[in-house]
file final17.txt (compact mmCIF, C-alpha atoms)
# COMPACT_ATOMS: atom_id res chain seq x y z
CA MET A 2 0.00 0.00 0.00
CA SER A 3 1.38 3.42 -0.92
CA ASP A 4 2.25 5.90 1.78
CA SER A 5 -0.32 8.55 2.64
CA LEU A 6 0.36 12.19 1.87
CA ALA A 7 0.74 12.85 5.60
CA GLU A 8 3.41 10.13 5.85
CA LEU A 9 5.28 11.49 2.85
CA LYS A 10 5.19 15.00 4.30
CA SER A 11 6.33 13.71 7.67
CA ALA A 12 9.35 12.07 6.04
CA ILE A 13 10.32 15.44 4.56
CA ASP A 14 9.88 17.18 7.91
CA ARG A 15 12.01 14.54 9.67
CA ALA A 16 14.85 14.67 7.15
CA ASP A 17 18.04 15.60 8.98
CA SER A 18 20.53 15.67 6.11
CA ALA A 19 20.72 16.75 2.49
CA PRO A 20 20.59 13.15 1.18
CA SER A 21 17.65 12.19 3.39
CA LEU A 22 15.74 15.31 2.33
CA ALA A 23 16.38 14.58 -1.34
CA ALA A 24 15.22 10.98 -0.83
CA ALA A 25 12.04 12.10 0.95
CA VAL A 26 11.18 14.56 -1.85
CA LYS A 27 11.89 11.85 -4.43
CA ALA A 28 9.46 9.52 -2.64
CA LEU A 29 6.84 12.28 -2.69
CA ALA A 30 7.44 12.86 -6.41
CA ASN A 31 7.21 9.15 -7.20
CA ALA A 32 3.79 9.01 -5.56
CA LYS A 33 2.39 10.99 -8.54
CA ARG A 34 -0.25 12.68 -6.41
CA VAL A 35 -1.92 15.86 -7.59
CA ASP A 36 -2.49 16.89 -3.98
CA ALA A 37 1.30 16.81 -3.50
CA VAL A 38 1.86 19.66 -5.98
CA PRO A 39 2.10 22.40 -3.29
CA MET A 40 4.77 20.43 -1.41
CA LEU A 41 6.73 19.68 -4.58
CA VAL A 42 6.59 23.35 -5.55
CA GLU A 43 7.78 24.27 -2.06
CA ALA A 44 10.70 21.84 -2.45
CA LEU A 45 11.99 23.87 -5.39
CA GLY A 46 12.98 26.55 -2.89
CA TYR A 47 14.98 24.26 -0.61
CA ASN A 48 18.71 24.80 -0.60
CA ASN A 49 19.08 21.25 -1.86
CA PRO A 50 19.70 20.57 -5.58
CA GLY A 51 18.91 16.88 -5.19
CA ALA A 52 15.51 17.65 -3.73
CA ALA A 53 14.85 20.26 -6.41
CA VAL A 54 15.71 17.85 -9.24
CA ALA A 55 13.38 15.24 -7.74
CA ALA A 56 10.62 17.82 -7.37
CA VAL A 57 11.02 19.00 -10.98
CA ASP A 58 10.81 15.41 -12.21
CA GLY A 59 7.66 14.83 -10.18
CA LEU A 60 6.02 18.05 -11.35
CA VAL A 61 6.79 17.30 -15.00
CA LYS A 62 5.25 13.84 -14.64
CA LEU A 63 2.11 15.35 -13.11
CA GLY A 64 1.95 17.85 -15.97
CA GLU A 65 -0.89 20.34 -16.26
CA PRO A 66 -2.12 20.10 -12.63
CA ALA A 67 1.25 21.52 -11.56
CA VAL A 68 1.20 24.60 -13.78
CA ALA A 69 -0.84 26.94 -11.59
CA GLY A 70 1.44 26.34 -8.59
CA LEU A 71 4.55 26.88 -10.70
CA LEU A 72 3.27 30.15 -12.12
CA GLU A 73 2.50 31.39 -8.61
CA LEU A 74 6.07 30.56 -7.60
CA LEU A 75 7.40 32.87 -10.32
CA ASP A 76 6.04 35.82 -8.35
CA LEU A 77 8.36 35.17 -5.43
CA ASN A 78 11.71 36.88 -4.93
CA ASN A 79 13.57 33.59 -4.79
CA TYR A 80 15.72 33.20 -7.88
CA THR A 81 16.72 29.62 -7.12
CA ALA A 82 13.11 28.49 -6.78
CA ARG A 83 12.10 30.44 -9.89
CA SER A 84 14.89 28.87 -11.95
CA TRP A 85 13.74 25.38 -11.00
CA ALA A 86 10.16 26.38 -11.78
CA VAL A 87 11.22 27.44 -15.29
CA ARG A 88 12.80 24.01 -15.79
CA ALA A 89 9.56 22.35 -14.74
CA LEU A 90 7.45 24.56 -17.02
CA ALA A 91 9.79 23.75 -19.91
CA GLY A 92 9.35 20.05 -19.28
CA ILE A 93 5.56 20.27 -19.07
CA GLY A 94 5.11 22.38 -22.22
CA ASP A 95 1.86 23.99 -21.09
CA PRO A 96 0.97 27.11 -23.15
CA ARG A 97 0.66 29.20 -19.99
CA GLY A 98 4.41 28.88 -19.58
CA LEU A 99 5.22 30.32 -23.02
CA PRO A 100 5.82 33.96 -22.00
CA THR A 101 8.10 32.81 -19.17
CA LEU A 102 10.08 30.47 -21.42
CA LEU A 103 10.53 33.18 -24.04
CA GLY A 104 12.06 35.49 -21.46
CA ALA A 105 14.14 32.81 -19.76
CA ALA A 106 15.61 31.42 -22.99
CA THR A 107 16.93 34.79 -24.03
CA ALA A 108 17.73 36.65 -20.82
CA ASP A 109 18.16 34.40 -17.78
CA ILE A 110 21.52 34.67 -16.03
CA SER A 111 21.82 30.89 -15.65
CA LEU A 112 22.93 28.94 -18.71
CA SER A 113 21.11 25.84 -17.43
CA VAL A 114 17.85 27.78 -17.25
CA ARG A 115 18.36 29.25 -20.73
CA ARG A 116 19.13 25.78 -22.04
CA ALA A 117 15.99 24.25 -20.50
CA ALA A 118 13.82 27.09 -21.75
CA ALA A 119 15.22 26.86 -25.30
CA ARG A 120 14.48 23.16 -25.44
CA GLY A 121 11.05 23.78 -23.97
CA LEU A 122 10.18 26.23 -26.74
CA GLY A 123 10.59 23.38 -29.21
CA THR A 124 8.34 20.99 -27.33
CA MET A 125 5.37 23.16 -26.39
CA LYS A 126 1.94 21.56 -26.61
CA TRP A 127 1.18 23.52 -29.77
CA HIS A 128 -1.94 21.44 -30.41
CA TRP A 129 -3.56 23.17 -27.43
CA PHE A 130 -3.22 26.66 -28.90
CA PRO A 131 -6.36 28.12 -30.53
CA HIS A 132 -5.78 28.76 -34.22
CA HIS A 133 -6.04 32.53 -33.77
CA LEU A 134 -3.13 32.40 -31.32
CA LEU A 135 -0.98 29.65 -32.81
CA ASP A 136 0.73 31.65 -35.57
CA THR A 137 1.66 34.43 -33.15
CA ALA A 138 2.98 31.93 -30.61
CA HIS A 139 4.99 30.12 -33.28
CA ALA A 140 6.45 33.41 -34.49
CA GLU A 141 7.56 34.44 -31.01
CA ALA A 142 9.14 31.08 -30.28
CA LEU A 143 10.93 31.15 -33.63
CA ASP A 144 12.20 34.67 -33.08
CA ALA A 145 13.53 33.82 -29.63
CA LEU A 146 15.25 30.63 -30.79
CA LEU A 147 16.85 32.35 -33.78
CA GLY A 148 18.23 34.99 -31.44
CA VAL A 149 19.61 32.42 -29.02
CA THR A 150 21.37 30.39 -31.72
CA GLN A 151 23.03 33.54 -32.99
CA ALA A 152 23.91 35.38 -29.82
CA ASP A 153 24.18 33.16 -26.75
CA GLU A 154 27.79 32.85 -25.61
CA GLU A 155 27.37 29.33 -24.24
CA TRP A 156 27.54 26.50 -26.75
CA VAL A 157 25.26 24.28 -24.66
CA VAL A 158 22.51 26.90 -24.87
CA ARG A 159 22.97 27.31 -28.62
CA TYR A 160 22.86 23.51 -28.92
CA ALA A 161 19.55 23.45 -27.01
CA ALA A 162 18.19 26.21 -29.24
CA VAL A 163 19.07 24.13 -32.33
CA VAL A 164 17.12 21.24 -30.82
CA GLY A 165 14.29 23.67 -30.11
CA LEU A 166 14.32 24.93 -33.70
CA GLU A 167 14.13 21.37 -34.99
CA GLY A 168 11.18 20.57 -32.72
CA LEU A 169 9.40 23.77 -33.70
CA GLY A 170 10.05 23.19 -37.39
CA LEU A 171 8.51 19.74 -37.27
CA THR A 172 5.22 21.25 -36.07
CA LEU A 173 4.93 23.91 -38.78
CA SER A 174 2.33 23.44 -41.51
CA ALA A 175 2.73 23.96 -45.26
CA ALA A 176 1.14 27.39 -44.83
CA GLN A 177 4.11 28.36 -42.63
CA SER A 178 6.72 27.66 -45.30
CA GLN A 179 8.48 30.98 -44.73
CA ALA A 180 9.05 30.23 -41.05
CA ARG A 181 10.21 26.73 -41.89
CA GLN A 182 12.68 28.16 -44.40
CA GLN A 183 13.99 30.58 -41.76
CA ILE A 184 14.73 27.60 -39.55
CA LEU A 185 16.49 25.72 -42.35
CA ASP A 186 18.56 28.78 -43.23
CA GLN A 187 19.58 29.22 -39.62
CA LEU A 188 20.51 25.56 -39.29
CA THR A 189 22.61 25.82 -42.44
CA SER A 190 24.39 28.85 -40.99
CA ARG A 191 25.01 27.22 -37.62
CA GLY A 192 26.13 24.01 -39.30
CA GLU A 193 28.82 25.92 -41.15
CA GLN A 194 29.81 28.78 -38.87
CA ASP A 195 29.20 27.97 -35.21
CA ASP A 196 32.30 27.98 -33.01
CA SER A 197 31.30 24.67 -31.43
CA SER A 198 31.74 21.43 -33.35
CA ALA A 199 28.88 19.92 -31.32
CA VAL A 200 26.51 22.72 -32.37
CA ARG A 201 27.62 22.43 -36.00
CA ALA A 202 27.02 18.67 -36.00
CA ARG A 203 23.64 18.95 -34.26
CA SER A 204 22.56 21.67 -36.69
CA ARG A 205 23.30 19.42 -39.65
CA VAL A 206 21.31 16.59 -38.07
CA ALA A 207 18.36 18.93 -37.43
CA GLN A 208 18.52 20.22 -41.00
CA GLU A 209 18.51 16.69 -42.37
CA ASN A 210 15.58 15.70 -40.18
CA LEU A 211 13.52 18.67 -41.33
CA ASN A 212 14.37 18.07 -44.97
CA THR A 213 13.22 14.46 -44.75
CA HIS A 214 9.94 15.24 -42.98
CA PRO A 215 7.13 16.95 -44.90
CA PRO A 216 5.37 19.93 -43.31
CA ALA A 217 2.93 18.97 -40.59
CA GLN A 218 -0.80 18.92 -41.19
CA ARG A 219 -2.82 21.64 -39.52
CA GLN A 220 -4.24 19.78 -36.54
CA PRO A 221 -7.50 20.47 -34.72
CA VAL A 222 -7.18 22.17 -31.37
CA LEU A 223 -7.03 19.61 -28.57
CA GLU A 224 -7.40 19.95 -24.82
CA PRO A 225 -6.15 18.02 -21.79
CA GLN A 226 -8.25 14.97 -20.99
CA ASP A 227 -9.11 16.58 -17.67
CA LYS A 228 -10.49 20.00 -18.61
CA ARG A 229 -10.10 21.23 -15.05
CA TYR A 230 -6.45 21.83 -15.88
CA ALA A 231 -6.88 23.37 -19.33
CA PRO A 232 -6.08 27.08 -19.76
CA SER A 233 -9.16 29.20 -19.15
CA GLU A 234 -10.46 31.78 -21.61
CA MET A 235 -9.01 34.50 -19.40
CA GLU A 236 -5.60 32.78 -19.38
CA TRP A 237 -5.63 32.52 -23.19
CA GLU A 238 -6.36 36.24 -23.36
CA GLN A 239 -3.44 36.92 -21.00
CA ILE A 240 -1.08 34.82 -23.11
CA LEU A 241 -2.14 36.70 -26.24
CA GLU A 242 -1.79 40.06 -24.48
CA ASN A 243 1.74 39.18 -23.37
CA LEU A 244 2.73 38.16 -26.90
CA TYR A 245 1.28 41.30 -28.46
CA GLN A 246 2.98 43.42 -25.83
CA ARG A 247 6.25 41.81 -26.81
CA LYS A 248 5.61 42.68 -30.46
CA GLY A 249 4.56 46.23 -29.69
CA ASN A 250 7.18 47.20 -27.13
CA GLU A 251 10.27 45.00 -27.17
CA ARG A 252 10.79 45.03 -30.93
CA ARG A 253 10.62 48.82 -31.19
CA MET A 254 13.46 49.19 -28.72
CA LEU A 255 16.13 46.76 -29.91
CA PRO A 256 17.15 45.20 -33.21
CA GLU A 257 15.95 41.85 -34.48
CA GLY A 258 17.69 38.90 -32.88
CA ASP A 259 19.12 40.87 -29.93
CA PRO A 260 18.57 38.81 -26.74
CA ALA A 261 18.55 41.98 -24.66
CA ARG A 262 15.11 42.69 -26.16
CA TYR A 263 13.68 40.14 -23.80
CA ARG A 264 15.48 41.15 -20.63
CA ARG A 265 12.82 43.59 -19.51
CA LEU A 266 10.11 41.05 -20.31
CA LEU A 267 11.83 38.55 -18.02
CA GLU A 268 11.79 41.11 -15.21
CA THR A 269 8.09 41.89 -15.66
CA ASN A 270 5.88 39.50 -17.62
CA GLY A 271 8.25 36.64 -16.98
CA THR A 272 7.39 36.74 -13.31
CA GLN A 273 3.68 36.42 -13.89
call {"tool": "encode", "arguments": {"input": "final17.txt", "output": "structure tokens"}}
result
Amino acid sequence: MSDSLAELKSAIDRADSAPSLAAAVKALANAKRVDAVPMLVEALGYNNPGAAVAAVDGLVKLGEPAVAGLLELLDLNNYTARSWAVRALAGIGDPRGLPTLLGAATADISLSVRRAAARGLGTMKWHWFPHHLLDTAHAEALDALLGVTQADEEWVVRYAAVVGLEGLGLTLSAAQSQARQQILDQLTSRGEQDDSSAVRARSRVAQENLNTHPPAQRQPVLEPQDKRYAPSEMEWEQILENLYQRKGNERRMLPEGDPARYRRLLETNGTQ
């Protein structure tokens, strides 16, 4: 018989060392309980990387039920907890995390956070986006990933952005041929010019994969099986407002492809 939530919480409270705390959080994560989300979110703020990794894994496995708690955590002045929350949002791929991932991929001070966010932009649950929002969301993700592959100083982040571009490209329809061609052009450039041999090699693989896969079919909008955890109409409106604000404000201030365009967004919208 599985442990009760009270027993799992008690094990965390009794932990008297970093390894025992990490093990207790891992046990909580492995329970896959929706009612454990608040405790897993709280564990992201512990000064214990092992516990945080276990909590992120558990939150990603729970998926959509964890999103609301993660977004609330972004409002707190705890950078460590926020950085782990971004990793979890990237792994879940819920549309509500898109504005945060856009800011984190291009402006976060931690290369591991930028890397996770860049990968996450390539694996969003695009089939959840309403058609009136999908093209705008695709365009913003593409713009951010193009900027990261060009400008990020860390090769591991550029590598993740290449993976993100490949994932994004595989979801684009025939009607988005221009965006798909932008991705292919960027992969060609990175495959020839990037300072890192790993990024050059991964870019060539991504280019080959896109060239051998036809454009995706325009899919009907889907929702989570449990609609309690689907984005509400108000949340869709907020996502769209954030994306339009990015278009209207950030792009007027800085040139195309400049990651600094997103820094202010990370400080404001990215904490919502």
call {"tool": "residues_around", "arguments": {"input": "final17.txt", "residues": "Ala106 of chain A", "least_positions_apart": "5", "cutoff": "9 Å", "atoms": "only C-alpha atoms", "output": "list in words"}}
result
Thr101, Leu112, Val114, Arg115, Arg116, Ala117, Ala118, Ala119, Arg120, Gly121, Leu122, Ala145, Leu146, Val149, Val158, Ala162, Pro260 and Tyr263 of chain A
call {"tool": "residues_around", "arguments": {"input": "final17.txt", "residues": "Gln208 of chain A", "least_positions_apart": "6", "cutoff": "12 Å", "atoms": "only C-alpha atoms", "output": "list in words"}}
result
Val163, Val164, Leu166, Glu167, Gly168, Gly170, Leu171, Arg181, Gln182, Gln183, Ile184, Leu185, Asp186, Gln187, Leu188, Thr189, Ser190, Arg191, Gly192, Glu193, Arg201, Ala202 and His214 of chain A
call {"tool": "closest_residue", "arguments": {"input": "final17.txt", "among": "A:Glu43, A:Lys126, A:Ala217, A:Glu73", "to": "Ser178 of chain A", "atoms": "all atoms listed in the file"}}
result
A:Ala217
call {"tool": "atom_distance", "arguments": {"input": "final17.txt", "atom1": "atom CA of Leu90 of chain A", "atom2": "atom CA of Gln179 of chain A"}}
result
28.5 Å
call {"tool": "closest_residue", "arguments": {"input": "final17.txt", "among": "A:Leu74, A:Thr107, A:Asp195, A:Val61", "to": "Gly94 of chain A", "atoms": "all atoms listed in the file"}}
result
A:Val61
call {"tool": "atom_distance", "arguments": {"input": "final17.txt", "atom1": "atom CA of Thr81 of chain A", "atom2": "atom CA of Gly46 of chain A"}}
result
6.4 Å
call {"tool": "atom_distance", "arguments": {"input": "final17.txt", "atom1": "atom CA of Leu6 of chain A", "atom2": "atom CA of Ala91 of chain A"}}
result
26.4 Å
call {"tool": "residues_around", "arguments": {"input": "final17.txt", "residues": "His139 of chain A", "least_positions_apart": "4", "cutoff": "9 Å", "atoms": "all atoms listed in the file", "output": "list of chain:residue names"}}
result
A:Trp127, A:Leu134, A:Leu135, A:Leu143, A:Asp144, A:Leu169, A:Leu173, A:Ala180
call {"tool": "closest_residue", "arguments": {"input": "final17.txt", "among": "A:Val42, A:Ala28, A:Ala12, A:Val157", "to": "Arg203 of chain A", "atoms": "all atoms listed in the file"}}
result
A:Val157
call {"tool": "closest_residue", "arguments": {"input": "final17.txt", "among": "A:Met125, A:Ala86, A:Ala32, A:Ala52", "to": "Ala19 of chain A", "atoms": "only C-alpha atoms"}}
result
A:Ala52
call {"tool": "closest_residue", "arguments": {"input": "final17.txt", "among": "A:Val200, A:Ala142, A:Ala82, A:Leu72", "to": "Ala44 of chain A", "atoms": "only C-alpha atoms"}}
result
A:Ala82
call {"tool": "build_atoms", "arguments": {"input": "final17.txt", "residues": "segment 84-100 of chain A", "atoms": "N, CA and C atoms", "output": "mmCIF file, in the coordinates of the input"}}
result
data_model
loop_
_atom_site.group_PDB
_atom_site.id
_atom_site.type_symbol
_atom_site.label_atom_id
_atom_site.label_comp_id
_atom_site.auth_asym_id
_atom_site.auth_seq_id
_atom_site.Cartn_x
_atom_site.Cartn_y
_atom_site.Cartn_z
ATOM 1 N N SER A 84 14.131 29.543 -10.886
ATOM 2 C CA SER A 84 14.890 28.870 -11.950
ATOM 3 C C SER A 84 14.474 27.408 -12.066
ATOM 4 N N TRP A 85 14.227 26.759 -10.952
ATOM 5 C CA TRP A 85 13.740 25.380 -11.000
ATOM 6 C C TRP A 85 12.324 25.325 -11.567
ATOM 7 N N ALA A 86 11.523 26.332 -11.247
ATOM 8 C CA ALA A 86 10.160 26.380 -11.780
ATOM 9 C C ALA A 86 10.172 26.511 -13.301
ATOM 10 N N VAL A 87 11.103 27.301 -13.837
ATOM 11 C CA VAL A 87 11.220 27.440 -15.290
ATOM 12 C C VAL A 87 11.562 26.088 -15.915
ATOM 13 N N ARG A 88 12.461 25.342 -15.281
ATOM 14 C CA ARG A 88 12.800 24.010 -15.790
ATOM 15 C C ARG A 88 11.568 23.112 -15.839
ATOM 16 N N ALA A 89 10.766 23.184 -14.785
ATOM 17 C CA ALA A 89 9.560 22.350 -14.740
ATOM 18 C C ALA A 89 8.567 22.781 -15.822
ATOM 19 N N LEU A 90 8.364 24.074 -15.989
ATOM 20 C CA LEU A 90 7.450 24.560 -17.020
ATOM 21 C C LEU A 90 7.927 24.138 -18.408
ATOM 22 N N ALA A 91 9.241 24.174 -18.626
ATOM 23 C CA ALA A 91 9.790 23.750 -19.910
ATOM 24 C C ALA A 91 9.498 22.280 -20.170
ATOM 25 N N GLY A 92 9.597 21.472 -19.125
ATOM 26 C CA GLY A 92 9.350 20.050 -19.280
ATOM 27 C C GLY A 92 7.889 19.717 -19.498
ATOM 28 N N ILE A 93 7.001 20.528 -18.933
ATOM 29 C CA ILE A 93 5.560 20.270 -19.070
ATOM 30 C C ILE A 93 5.048 20.732 -20.431
ATOM 31 N N GLY A 94 5.521 21.888 -20.908
ATOM 32 C CA GLY A 94 5.110 22.380 -22.220
ATOM 33 C C GLY A 94 3.735 23.002 -22.263
ATOM 34 N N ASP A 95 3.179 23.370 -21.125
ATOM 35 C CA ASP A 95 1.860 23.990 -21.090
ATOM 36 C C ASP A 95 1.928 25.395 -21.686
ATOM 37 N N PRO A 96 0.943 25.783 -22.516
ATOM 38 C CA PRO A 96 0.970 27.110 -23.150
ATOM 39 C C PRO A 96 1.088 28.267 -22.166
ATOM 40 N N ARG A 97 0.584 28.112 -20.954
ATOM 41 C CA ARG A 97 0.660 29.200 -19.990
ATOM 42 C C ARG A 97 2.091 29.539 -19.620
ATOM 43 N N GLY A 98 3.003 28.618 -19.867
ATOM 44 C CA GLY A 98 4.410 28.880 -19.580
ATOM 45 C C GLY A 98 5.153 29.561 -20.699
ATOM 46 N N LEU A 99 4.511 29.775 -21.859
ATOM 47 C CA LEU A 99 5.220 30.320 -23.020
ATOM 48 C C LEU A 99 5.868 31.670 -22.757
ATOM 49 N N PRO A 100 5.161 32.673 -22.222
ATOM 50 C CA PRO A 100 5.820 33.960 -22.000
ATOM 51 C C PRO A 100 7.047 33.847 -21.089
#
